[in-house]
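First comes the structure, then the notes that go with it.
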Amino acid sequence: MTVQIKQAAGALPDDNGHFGPYGGRFVAETLMVPLRELQEAYDKYLSDDDFLNELDEDLRQFVGRPSPLYLAERWSAQLGGAQIYLKREDLNHTGAHKVNNTVGQALLAKRMGKTRIIAETGAGQHGVAAATVAARLGLKCVVYMGAVDIARQAINVYRMKLLGAEVVSVESGSKTLKDALNEAMRDWVTNIDDTFYIIGTVAGPHPYPAMVRDFQAIIGREARAQILDQAGRLPDALVACVGGGSNAIGLFYPFLDDSDVAVYGVEAAGHGLETGRHAAPLCAGRPGVLHGNRTYLMEDDNGQIIETHSISAGLDYPGVGPEHAWLKDEGRAQYVAISDDEALAAFHNLTRVEGIMPALESSHALAYAGKLASTMARNQIIVVNLSGRGDKDIHTVAALEGIKV
Amino acid sequence: MGRITNCFERLKDAGRQALIPYVTAGDPEPAVTVPLMHAMVAAGADIIELGVPFSDPMADGPVIQRAAERALRQGTSLRDVLAMVAEFRRQDASTPVVLMGYLNPLEVMGYDTFAKAAAEAGVDGVISVDLPPEEARDLLTALGGQGIDPIFLLAPTTDDIRIEKICAVASGYVYYVALKGVTGAAGLDVQSVADKLAQIGRHTGLPVAVGFGIKDADSAAAMAKVADAVVVGSSLVKKIEQNAGQSDRITQEITDVLARMRVAMDTHKDRSSP
Ligand SMILES: Cc1ncc(COP(=O)(O)O)c(C=O)c1O
């Protein structure tokens, strides 16, 4: 069986990677030709049956796809509103949606003859997913991670090391995900000849936002078929958390032409949007240029990127994929924000009521879905992307609650 | 004719190459920058590249990253940088000043507002490291309207098609990044730079400056044999870092480095020209 990746012809981005005014390719000249080569390779293999078959096989046998679409019956009953289905990306190998993308990009790296993989990571989930595929393919792997994130995601750091990756602590700037991305770009510019940069979200210069979306869209394609099969109809709403936006666009993309399906992206409100201590560029930022594309950013009046805050390292990013910026302006998707406290409450709630421990990132989507469900009727349906499992966050949660594990 | 073109014509007549120091504006504190610019001119600088600090300097190595962090901690904004250029211009009407930085501060100010303010301050050229010509149309229009030269980078990976495309929109000079890497990196290879400059020369009559990886008088002299201008950044910024808090020593050490480069660049010329 051959999977089909591209949506309708004529879909965005355009040839220069633009989603309306967003996206594009804002990088130093040294990277322009390598990006063009990446684009050409990607375009070629997207219509190459061998490549697509190998990807499909890897997703089934290595990742464990398709992931279930699970009806959270007790939780839905507790809320007394819409029926909530969870797309179980937490059940993927390595515990999050990130691996869908690393499997795809690593196959591309291999086809392009690259022997070394680099990646940036925030929560460590993408780093683990990159280290995992590198181990499997016998590629050298270096992961850049902010010093602040290394401290709060110690388990994932150790996982990456066990997998044979080198984890480089990034000490510049705010020492979080954005700085890790800067450092990975600096590595790439220096080692272009043998190195493939696997970006972990739908950010970066063209073709990354489109390529990562296409690899993650398996989530939405499966969910769409599953809900039609299990409920006999399309959902009324989709909900996903938005850090860079890859799990969200992965779920949303195959539904974008279904105009009756409402789409909600959930950003991190941190301590509250009004405090400024958050990571919600779509809700509270404005357009600018960072990390190779034009998008909504958290920036000051002088165009400097400002520090973000979220309880979840994976959402702690001042930018967002350019396609989300465009979906926001077009009004096709709505973007909302959930605070640290609300996410934490949702983390506990799902764990106790459904026996599923969600990642703190995904807990933002769950918290919003809970609010939304209460305002909807019992015969309505919400699909939530449960983007990852919560094991990696146990130490964070325990520390917040003053418990030593 | 702009100051940059003027400068290169004068140098060409004299059979010399331009020495272009880079420092980050506001590093280690704003008061240091303008006197340092004057001192660098006195030590032999022909053009000054003044860095506009940015929070996420993706193309810079650790030395210039830390310079940007120091300048930002002092609150140095794009407007402050323009004010420094205006102050510099009160005593120096001829030395070209080129701003070098990243796009976002220009975006936020607005291209037209920026171009007008820059022209008023006496800025001659602008390098936005993360702005390839494909995305540059609006900024090019704004700069063109004010007679400011847009200066673009060329890299070892740049092929003939792109050289052509870039040189078609550039003016003043083009800046060849001598190695695959970030500012301050090692691994400069004179022969490969010479080959690439010959390739670039087949597409443009613009002067070509070479930067990234030039550390001392020897590497400056070697580059001056093949290029029209030599840019030196990280090794100067390192002096600022080592002497932060002692502005006299900063000036002294930086002008020493430049003076040695100047002599090395000019001496080799005396020898090689018949
Ligand atoms: C489980 C999980 N969900 C979501 C995210 C956020 O990334 P994105 O918005 O690209 O899906 C992360 C990032 O690390 C993650 O680990």
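Letters A, B, ... go to the chains of the structure tokens in the order shown; residues in each chain start at 1; ligands are counted from 1 in the same order.
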task = Determine, counting only C-alpha atoms, which protein, DNA and RNA residues have an atom within 9 Å of an atom of region 67-75 of chain B; residues of the same chain fewer than 5 positions away are not included. Present the result as a ChimeraX atom specification.
result = /A:172-173,304 /B:23-30,51-57,62,80,237-238,240-241
Kindly provide the residues of chain A that approach ligand 1 to within 9 Å, each paired with its closest atom pair and their distance in Å to one decimal, based on only C-alpha atoms and all ligand atoms, listed by chain and increasing number, as JSON lines.
```
{"residue": "A:Glu89", "atom": "CA", "partner": "ligand 1", "partner_atom_place_in_ligand_line": "1 (C)", "distance": 8.3}
{"residue": "A:Asp90", "atom": "CA", "partner": "ligand 1", "partner_atom_place_in_ligand_line": "1 (C)", "distance": 7.4}
{"residue": "A:Gly95", "atom": "CA", "partner": "ligand 1", "partner_atom_place_in_ligand_line": "1 (C)", "distance": 7.6}
{"residue": "A:Ala96", "atom": "CA", "partner": "ligand 1", "partner_atom_place_in_ligand_line": "1 (C)", "distance": 5.1}
{"residue": "A:His97", "atom": "CA", "partner": "ligand 1", "partner_atom_place_in_ligand_line": "1 (C)", "distance": 6.8}
{"residue": "A:Lys98", "atom": "CA", "partner": "ligand 1", "partner_atom_place_in_ligand_line": "16 (O)", "distance": 6.9}
{"residue": "A:Thr121", "atom": "CA", "partner": "ligand 1", "partner_atom_place_in_ligand_line": "14 (O)", "distance": 6.8}
{"residue": "A:Gly122", "atom": "CA", "partner": "ligand 1", "partner_atom_place_in_ligand_line": "14 (O)", "distance": 5.5}
{"residue": "A:Ala123", "atom": "CA", "partner": "ligand 1", "partner_atom_place_in_ligand_line": "14 (O)", "distance": 4.6}
{"residue": "A:Gly124", "atom": "CA", "partner": "ligand 1", "partner_atom_place_in_ligand_line": "14 (O)", "distance": 6.3}
{"residue": "A:Gln125", "atom": "CA", "partner": "ligand 1", "partner_atom_place_in_ligand_line": "16 (O)", "distance": 4.7}
{"residue": "A:His126", "atom": "CA", "partner": "ligand 1", "partner_atom_place_in_ligand_line": "14 (O)", "distance": 5.9}
{"residue": "A:Gly127", "atom": "CA", "partner": "ligand 1", "partner_atom_place_in_ligand_line": "14 (O)", "distance": 8.6}
{"residue": "A:Gly200", "atom": "CA", "partner": "ligand 1", "partner_atom_place_in_ligand_line": "10 (O)", "distance": 6.6}
{"residue": "A:Thr201", "atom": "CA", "partner": "ligand 1", "partner_atom_place_in_ligand_line": "10 (O)", "distance": 4.2}
{"residue": "A:Val202", "atom": "CA", "partner": "ligand 1", "partner_atom_place_in_ligand_line": "10 (O)", "distance": 6.3}
{"residue": "A:Ala203", "atom": "CA", "partner": "ligand 1", "partner_atom_place_in_ligand_line": "10 (O)", "distance": 8.3}
{"residue": "A:Ala240", "atom": "CA", "partner": "ligand 1", "partner_atom_place_in_ligand_line": "11 (O)", "distance": 8.2}
{"residue": "A:Cys241", "atom": "CA", "partner": "ligand 1", "partner_atom_place_in_ligand_line": "9 (O)", "distance": 6.2}
{"residue": "A:Val242", "atom": "CA", "partner": "ligand 1", "partner_atom_place_in_ligand_line": "9 (O)", "distance": 4.0}
{"residue": "A:Gly243", "atom": "CA", "partner": "ligand 1", "partner_atom_place_in_ligand_line": "9 (O)", "distance": 3.4}
{"residue": "A:Gly244", "atom": "CA", "partner": "ligand 1", "partner_atom_place_in_ligand_line": "9 (O)", "distance": 4.0}
{"residue": "A:Gly245", "atom": "CA", "partner": "ligand 1", "partner_atom_place_in_ligand_line": "9 (O)", "distance": 3.3}
{"residue": "A:Ser246", "atom": "CA", "partner": "ligand 1", "partner_atom_place_in_ligand_line": "10 (O)", "distance": 3.5}
{"residue": "A:Asn247", "atom": "CA", "partner": "ligand 1", "partner_atom_place_in_ligand_line": "11 (O)", "distance": 3.7}
{"residue": "A:Ala248", "atom": "CA", "partner": "ligand 1", "partner_atom_place_in_ligand_line": "11 (O)", "distance": 5.9}
{"residue": "A:Ile249", "atom": "CA", "partner": "ligand 1", "partner_atom_place_in_ligand_line": "11 (O)", "distance": 8.0}
{"residue": "A:Gly250", "atom": "CA", "partner": "ligand 1", "partner_atom_place_in_ligand_line": "11 (O)", "distance": 8.3}
{"residue": "A:Glu267", "atom": "CA", "partner": "ligand 1", "partner_atom_place_in_ligand_line": "9 (O)", "distance": 8.7}
{"residue": "A:Ser312", "atom": "CA", "partner": "ligand 1", "partner_atom_place_in_ligand_line": "14 (O)", "distance": 8.3}
{"residue": "A:Ala313", "atom": "CA", "partner": "ligand 1", "partner_atom_place_in_ligand_line": "14 (O)", "distance": 6.7}
{"residue": "A:Gly314", "atom": "CA", "partner": "ligand 1", "partner_atom_place_in_ligand_line": "14 (O)", "distance": 3.5}
{"residue": "A:Leu315", "atom": "CA", "partner": "ligand 1", "partner_atom_place_in_ligand_line": "6 (C)", "distance": 5.3}
{"residue": "A:Asp316", "atom": "CA", "partner": "ligand 1", "partner_atom_place_in_ligand_line": "6 (C)", "distance": 8.6}
{"residue": "A:Val320", "atom": "CA", "partner": "ligand 1", "partner_atom_place_in_ligand_line": "9 (O)", "distance": 7.8}
{"residue": "A:Gly321", "atom": "CA", "partner": "ligand 1", "partner_atom_place_in_ligand_line": "10 (O)", "distance": 8.2}
{"residue": "A:Pro358", "atom": "CA", "partner": "ligand 1", "partner_atom_place_in_ligand_line": "1 (C)", "distance": 8.0}
{"residue": "A:Ala359", "atom": "CA", "partner": "ligand 1", "partner_atom_place_in_ligand_line": "1 (C)", "distance": 5.3}
{"residue": "A:Leu360", "atom": "CA", "partner": "ligand 1", "partner_atom_place_in_ligand_line": "1 (C)", "distance": 7.3}
{"residue": "A:Glu361", "atom": "CA", "partner": "ligand 1", "partner_atom_place_in_ligand_line": "3 (N)", "distance": 4.7}
{"residue": "A:Ser362", "atom": "CA", "partner": "ligand 1", "partner_atom_place_in_ligand_line": "3 (N)", "distance": 5.3}
{"residue": "A:Ser363", "atom": "CA", "partner": "ligand 1", "partner_atom_place_in_ligand_line": "3 (N)", "distance": 8.8}
{"residue": "A:Asn385", "atom": "CA", "partner": "ligand 1", "partner_atom_place_in_ligand_line": "3 (N)", "distance": 8.8}
{"residue": "A:Leu386", "atom": "CA", "partner": "ligand 1", "partner_atom_place_in_ligand_line": "1 (C)", "distance": 7.6}
{"residue": "A:Ser387", "atom": "CA", "partner": "ligand 1", "partner_atom_place_in_ligand_line": "3 (N)", "distance": 4.6}
{"residue": "A:Gly388", "atom": "CA", "partner": "ligand 1", "partner_atom_place_in_ligand_line": "1 (C)", "distance": 3.6}
{"residue": "A:Arg389", "atom": "CA", "partner": "ligand 1", "partner_atom_place_in_ligand_line": "1 (C)", "distance": 6.4}
{"residue": "A:Gly390", "atom": "CA", "partner": "ligand 1", "partner_atom_place_in_ligand_line": "1 (C)", "distance": 7.8}
```
message = Need to verify the contact set: region 167-169 of chain B, 7 Å, only C-alpha atoms, exclusion of same-chain residues closer than 3 positions in sequence. Can you return it as a PyMOL selection string?
response = chain B and resi 163-164+204
task = Please report as number ranges by chain which residues of chain A come no farther than 9 Å from chain B, using only C-alpha atoms.
result = A: 16, 24-34, 172-173, 178-179, 181-183, 185-192, 287-292, 300-306
inquiry  = Let's see if you can do this: from backbone DSSP, list all alpha helix (DSSP H) residues in region 60-208 of chain B, as an MDAnalysis selection string.
reply    = chainID B and resid 62:73 78:91 103:109 111:121 137:145 160:169 190:201
query = In Å to one decimal, how far is CA of Glu73 (chain A) from CA of Ala377 (chain A)?
reply =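 It comes out at 14.5 Å.
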For Val190 (chain B), the nearest of the candidates B:Ala221, B:Ile161, B:Pro207, B:Ile127, counting only C-alpha atoms =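 Ranked by minimum distance to Val190 (chain B), first place goes to B:Ala221.
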key: Nearest to Tyr264 (chain A), chosen from A:Ile227, A:Leu327, A:Ala131, A:Ile403, with only C-alpha atoms counted in the distances   = A:Leu327
inquiry  = What does the structure give for the distance between CA of Asp236 (chain A) and CA of Tyr253 (chain A), in Å to one decimal?
reply    =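 That distance, rounded to one decimal, is 15.1 Å.
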task = Could you please determine the separation between CA of Asp15 (chain A) and CA of Arg36 (chain A) in Å, to one decimal place?
result =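 Separation between CA of Asp15 (chain A) and CA of Arg36 (chain A): 10.9 Å.
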ask   = For Thr375 (chain A), which residue out of A:Ala82, A:Val148, A:Ala41, A:Met298 is the nearest one, using only C-alpha atoms?
value = A:Ala82
Test item: residues at most 12 Å from Ala93 (chain B), only C-alpha atoms, excluding those fewer than 4 positions along its chain, as a list in words =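 The residues that qualify are Gly2, Arg3, His38, Val41, Val85, Ala86, Glu87, Phe88, Arg89, Val97, Ala121, Gly122, Val123 and Asp124 of chain B.
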Please write the residues from the selection above to a file, keeping N, CA, C and O atoms, as a PDB file, in the first residue's frame.
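So result_39.pdb came out as:
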```
ATOM      1  N   GLY B   2      27.436  57.502  -3.803  1.00  0.00           N
ATOM      2  CA  GLY B   2      27.425  57.360  -2.355  1.00  0.00           C
ATOM      3  C   GLY B   2      28.826  57.287  -1.767  1.00  0.00           C
ATOM      4  O   GLY B   2      29.820  57.145  -2.486  1.00  0.00           O
ATOM      5  N   ARG B   3      28.896  57.404  -0.460  1.00  0.00           N
ATOM      6  CA  ARG B   3      30.199  57.348   0.219  1.00  0.00           C
ATOM      7  C   ARG B   3      30.910  56.023  -0.017  1.00  0.00           C
ATOM      8  O   ARG B   3      32.129  55.979  -0.111  1.00  0.00           O
ATOM      9  N   HIS B  38      35.669  56.486  15.800  1.00  0.00           N
ATOM     10  CA  HIS B  38      36.650  57.498  15.362  1.00  0.00           C
ATOM     11  C   HIS B  38      38.071  56.955  15.469  1.00  0.00           C
ATOM     12  O   HIS B  38      38.888  57.151  14.573  1.00  0.00           O
ATOM     13  N   VAL B  41      38.907  54.633  12.623  1.00  0.00           N
ATOM     14  CA  VAL B  41      39.195  55.362  11.374  1.00  0.00           C
ATOM     15  C   VAL B  41      40.632  55.894  11.419  1.00  0.00           C
ATOM     16  O   VAL B  41      41.394  55.754  10.459  1.00  0.00           O
ATOM     17  N   VAL B  85      25.261  56.631  14.995  1.00  0.00           N
ATOM     18  CA  VAL B  85      25.765  56.982  13.664  1.00  0.00           C
ATOM     19  C   VAL B  85      25.662  58.495  13.455  1.00  0.00           C
ATOM     20  O   VAL B  85      26.603  59.138  12.966  1.00  0.00           O
ATOM     21  N   ALA B  86      24.533  59.074  13.873  1.00  0.00           N
ATOM     22  CA  ALA B  86      24.359  60.522  13.712  1.00  0.00           C
ATOM     23  C   ALA B  86      25.443  61.278  14.479  1.00  0.00           C
ATOM     24  O   ALA B  86      26.004  62.267  13.991  1.00  0.00           O
ATOM     25  N   GLU B  87      25.750  60.778  15.668  1.00  0.00           N
ATOM     26  CA  GLU B  87      26.790  61.438  16.466  1.00  0.00           C
ATOM     27  C   GLU B  87      28.159  61.316  15.787  1.00  0.00           C
ATOM     28  O   GLU B  87      28.935  62.271  15.725  1.00  0.00           O
ATOM     29  N   PHE B  88      28.435  60.119  15.257  1.00  0.00           N
ATOM     30  CA  PHE B  88      29.693  59.883  14.536  1.00  0.00           C
ATOM     31  C   PHE B  88      29.825  60.851  13.361  1.00  0.00           C
ATOM     32  O   PHE B  88      30.879  61.441  13.125  1.00  0.00           O
ATOM     33  N   ARG B  89      28.720  61.049  12.652  1.00  0.00           N
ATOM     34  CA  ARG B  89      28.715  61.908  11.457  1.00  0.00           C
ATOM     35  C   ARG B  89      29.045  63.364  11.769  1.00  0.00           C
ATOM     36  O   ARG B  89      29.488  64.099  10.887  1.00  0.00           O
ATOM     37  N   VAL B  97      29.490  54.162   6.775  1.00  0.00           N
ATOM     38  CA  VAL B  97      29.041  53.324   7.885  1.00  0.00           C
ATOM     39  C   VAL B  97      27.953  52.378   7.370  1.00  0.00           C
ATOM     40  O   VAL B  97      26.985  52.811   6.745  1.00  0.00           O
ATOM     41  N   ALA B 121      20.480  59.750   9.640  1.00  0.00           N
ATOM     42  CA  ALA B 121      21.590  59.577  10.579  1.00  0.00           C
ATOM     43  C   ALA B 121      22.932  59.526   9.859  1.00  0.00           C
ATOM     44  O   ALA B 121      23.973  59.744  10.474  1.00  0.00           O
ATOM     45  N   GLY B 122      22.908  59.224   8.554  1.00  0.00           N
ATOM     46  CA  GLY B 122      24.162  59.131   7.816  1.00  0.00           C
ATOM     47  C   GLY B 122      24.637  57.706   7.587  1.00  0.00           C
ATOM     48  O   GLY B 122      25.826  57.468   7.399  1.00  0.00           O
ATOM     49  N   VAL B 123      23.712  56.756   7.591  1.00  0.00           N
ATOM     50  CA  VAL B 123      24.047  55.356   7.284  1.00  0.00           C
ATOM     51  C   VAL B 123      24.184  55.214   5.761  1.00  0.00           C
ATOM     52  O   VAL B 123      23.394  55.777   5.005  1.00  0.00           O
ATOM     53  N   ASP B 124      25.176  54.442   5.340  1.00  0.00           N
ATOM     54  CA  ASP B 124      25.419  54.293   3.901  1.00  0.00           C
ATOM     55  C   ASP B 124      24.994  52.955   3.334  1.00  0.00           C
ATOM     56  O   ASP B 124      24.704  52.845   2.147  1.00  0.00           O
TER      57      ASP B 124
END
```
query = Near Met40 (chain B), counting only C-alpha atoms, which residues have an atom at most 9 Å away, once you skip same-chain residues fewer than 6 positions from it, shown as number ranges by chain?
reply = B: 21, 46, 48, 251, 254-255, 258-259
Quick one: write out the picked residues with C-alpha atoms as an mmCIF file, in the first residue's frame?
```
data_model
loop_
_atom_site.group_PDB
_atom_site.id
_atom_site.type_symbol
_atom_site.label_atom_id
_atom_site.label_comp_id
_atom_site.auth_asym_id
_atom_site.auth_seq_id
_atom_site.Cartn_x
_atom_site.Cartn_y
_atom_site.Cartn_z
ATOM 1 C CA PRO B 21 36.273 46.557 11.102
ATOM 2 C CA ASP B 46 38.119 52.673 5.503
ATOM 3 C CA ILE B 48 32.871 50.677 9.501
ATOM 4 C CA THR B 251 40.454 51.423 22.079
ATOM 5 C CA ILE B 254 41.613 47.369 18.812
ATOM 6 C CA THR B 255 43.540 50.154 17.124
ATOM 7 C CA LEU B 258 43.882 47.401 12.938
ATOM 8 C CA ALA B 259 47.150 49.278 12.536
#
```
ask   = With only C-alpha atoms as the atoms that count, which of B:Pro150, B:Gly184, B:Gly233, B:Gly172 lies nearest to Gly205 (chain B)?
value =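 For Gly205 (chain B), the nearest of the candidates is B:Gly172.
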